[in-house]
Amino acid sequence: MIRPAREDDLPGLLDLHRRVFGRPLPAEERRWKLADQPSPVPNVWVAEVDGRIVFQFAGIPVRFHHRGRERWAMQSVDTMTDPEHRRRGLLTRTATETFEHWRRAGVAFVFGVPNQNWRSRLGALGFAAIGEVRWWVRWLGPLRSLAARVGLTGDPPSTLPDATPLDSLWAATLDEGVVKDAAWHRWRYLAAPRPFQIIGAWSGQRLAGAAALRCQGASAIVAEVQACEARAAPALLKDACRLAGAQNASRVALLIHAGTPLEQAALAAGFIPRPWGFPVVAADLGGGLPRAALFQGGDFDVI
């Protein structure tokens, strides 16, 4: 039986995640990821056999600025098949039924970076490649990190304790892509199980850009850079590196859409491209494919 997931399915879904991915998923992280965002339609669907959940097809509902207006989209995440029920058509049947429900609710398209469990079925499910996100890295080095820690690199970057100013920044940007207003930043970065810091770039009293940074030991990730002035993007990346160095990081990485202006900002800030990344795919549910979208790492659950 294929049906929307229920709250009492949580223990079975957590067990399925452990068996499929080989690692536990905390219940609070799953709720943040799949239950804390508003959605126009059930976003998690399961297949049940003899009272046991053996498959999940899930999406994170996101508001997407697409072709000049706001639309609902789903980011496909955590597709899971019970190891004992693989190669039985569960992916095709469940995804097809789920897509139909999402289409009727007005979801424009489904997008994501495919995992190894369903990459071979992309074409059969209607997915097409729409781009690629690539890793860029900047190594800080011990001297640069020490200088940042002892305050020899200038004033500390400005961080935003609240996401409210991001509404005006988004209104000045309106890029094709995920709607990155204050609500997005609160959920995606400030309320995340492993929270981010939001760095601001100011032009007088006006917020000209923002970046989301998370440090974990010697590594740091810039999940997103948003700027309404060209000079703000490289400045934000440099500030992110200074802040990461002050927090003992020796490497800063970001994942950005290939061939976009943010690559030039990354070069100007001392980052270099790496030969790794992820394909971005999408399935049209009636709203047209987001081929002009500007994707970054924070748009996906790989960060």
# chains A, B, ... in the order shown; residues from 1 in each chain; ligands from 1
call {"tool": "closest_atom_pairs", "arguments": {"of": "stretch 68-99 of chain A", "to": "stretch 117-126 of chain A", "cutoff": "8 Å", "atoms": "only C-alpha atoms", "output": "CSV"}}
result
residue,atom,partner,partner_atom,distance
A:Thr79,CA,A:Asn117,CA,7.2
A:Met80,CA,A:Asn117,CA,7.3
A:Thr81,CA,A:Asn117,CA,7.8
A:Leu91,CA,A:Trp118,CA,7.7
A:Thr92,CA,A:Leu125,CA,6.7
A:Ala95,CA,A:Leu125,CA,7.3
A:Thr96,CA,A:Leu125,CA,7.2
call {"tool": "select_by_dssp", "arguments": {"residues": "stretch 108-263 of chain A", "states": "strand (DSSP E or B)", "output": "PyMOL selection string"}}
result
chain A and resi 108-112+127-139+158-159+177-178+197-203+206-216+219-227+251-257
call {"tool": "closest_atom_pairs", "arguments": {"of": "stretch 216-284 of chain A", "to": "stretch 158-174 of chain A", "cutoff": "8 Å", "atoms": "only C-alpha atoms", "output": "Markdown table"}}
result
| residue | atom | partner | partner_atom | distance |
| --- | --- | --- | --- | --- |
| A:Gln226 | CA | A:Thr173 | CA | 8.0 |
| A:Ala227 | CA | A:Thr173 | CA | 7.1 |
| A:Cys228 | CA | A:Thr173 | CA | 5.4 |
call {"tool": "residues_around", "arguments": {"residues": "A:Trp184", "least_positions_apart": "3", "cutoff": "12 Å", "atoms": "only C-alpha atoms", "output": "PyMOL selection string"}}
result
chain A and resi 36-38+61-64+163-164+166-167+170+178-181+187-192+212+224+298-299
call {"tool": "residues_around", "arguments": {"residues": "stretch 260-262 of chain A", "least_positions_apart": "4", "cutoff": "8 Å", "atoms": "only C-alpha atoms", "output": "PyMOL selection string"}}
result
chain A and resi 233+256+266+294
call {"tool": "closest_residue", "arguments": {"among": "A:Gln296, A:Ser76, A:Ser250, A:Gln216", "to": "A:Glu263", "atoms": "only C-alpha atoms"}}
result
A:Gln296
call {"tool": "select_by_dssp", "arguments": {"residues": "stretch 74-216 of chain A", "states": "alpha helix (DSSP H)", "output": "MDAnalysis selection string"}}
result
chainID A and resid 90:104 141:149 166:173 182:185
call {"tool": "closest_residue", "arguments": {"among": "A:Gly12, A:Ala223, A:Arg3, A:Gly106", "to": "A:Asp301", "atoms": "only C-alpha atoms"}}
result
A:Ala223
call {"tool": "closest_residue", "arguments": {"among": "A:Ala292, A:Ala249, A:Ala240, A:Leu255", "to": "A:Gly177", "atoms": "only C-alpha atoms"}}
result
A:Ala292
call {"tool": "closest_residue", "arguments": {"among": "A:Ala258, A:Ala182, A:Met1, A:Leu14", "to": "A:Arg93", "atoms": "only C-alpha atoms"}}
result
A:Met1
call {"tool": "closest_residue", "arguments": {"among": "A:Glu132, A:Asp284, A:Glu97, A:Glu48", "to": "A:Ala73", "atoms": "only C-alpha atoms"}}
result
A:Asp284
call {"tool": "decode", "arguments": {"residues": "stretch 54-68 of chain A", "atoms": "N, CA, C and O atoms", "output": "short mmCIF file (atom, residue, chain, number, x, y, z; two decimals), in the first residue's frame"}}
result
data_model
loop_
_atom_site.label_atom_id
_atom_site.label_comp_id
_atom_site.auth_asym_id
_atom_site.auth_seq_id
_atom_site.Cartn_x
_atom_site.Cartn_y
_atom_site.Cartn_z
N VAL A 54 8.52 -0.28 3.92
CA VAL A 54 9.68 -0.81 3.19
C VAL A 54 10.23 0.20 2.18
O VAL A 54 11.25 -0.08 1.53
N PHE A 55 9.59 1.37 2.07
CA PHE A 55 10.07 2.36 1.11
C PHE A 55 9.60 3.74 1.52
O PHE A 55 8.50 3.91 2.06
N GLN A 56 10.43 4.74 1.28
CA GLN A 56 10.07 6.14 1.50
C GLN A 56 10.46 6.98 0.29
O GLN A 56 11.55 6.83 -0.26
N PHE A 57 9.55 7.87 -0.11
CA PHE A 57 9.85 8.90 -1.11
C PHE A 57 9.45 10.22 -0.47
O PHE A 57 8.28 10.42 -0.13
N ALA A 58 10.42 11.11 -0.28
CA ALA A 58 10.17 12.33 0.50
C ALA A 58 10.68 13.56 -0.22
O ALA A 58 11.59 13.49 -1.05
N GLY A 59 10.09 14.69 0.13
CA GLY A 59 10.54 15.97 -0.42
C GLY A 59 10.47 17.04 0.65
O GLY A 59 9.59 17.02 1.52
N ILE A 60 11.42 17.96 0.60
CA ILE A 60 11.35 19.15 1.44
C ILE A 60 10.59 20.22 0.66
O ILE A 60 11.02 20.62 -0.43
N PRO A 61 9.44 20.68 1.15
CA PRO A 61 8.70 21.72 0.42
C PRO A 61 9.43 23.05 0.50
O PRO A 61 9.82 23.49 1.59
N VAL A 62 9.65 23.67 -0.64
CA VAL A 62 10.33 24.96 -0.67
C VAL A 62 9.57 25.92 -1.58
O VAL A 62 8.97 25.51 -2.57
N ARG A 63 9.60 27.18 -1.19
CA ARG A 63 9.08 28.22 -2.08
C ARG A 63 10.18 28.60 -3.06
O ARG A 63 11.32 28.81 -2.66
N PHE A 64 9.84 28.68 -4.32
CA PHE A 64 10.83 28.85 -5.38
C PHE A 64 10.42 30.00 -6.28
O PHE A 64 9.28 30.07 -6.75
N HIS A 65 11.34 30.95 -6.46
CA HIS A 65 11.09 32.05 -7.40
C HIS A 65 11.39 31.53 -8.80
O HIS A 65 12.54 31.32 -9.17
N HIS A 66 10.33 31.31 -9.56
CA HIS A 66 10.44 30.59 -10.82
C HIS A 66 9.70 31.35 -11.92
O HIS A 66 8.50 31.58 -11.84
N ARG A 67 10.48 31.77 -12.91
CA ARG A 67 9.91 32.47 -14.07
C ARG A 67 9.08 33.69 -13.66
O ARG A 67 7.99 33.92 -14.16
N GLY A 68 9.64 34.43 -12.69
CA GLY A 68 9.03 35.70 -12.32
C GLY A 68 7.99 35.65 -11.24
O GLY A 68 7.46 36.70 -10.85
#
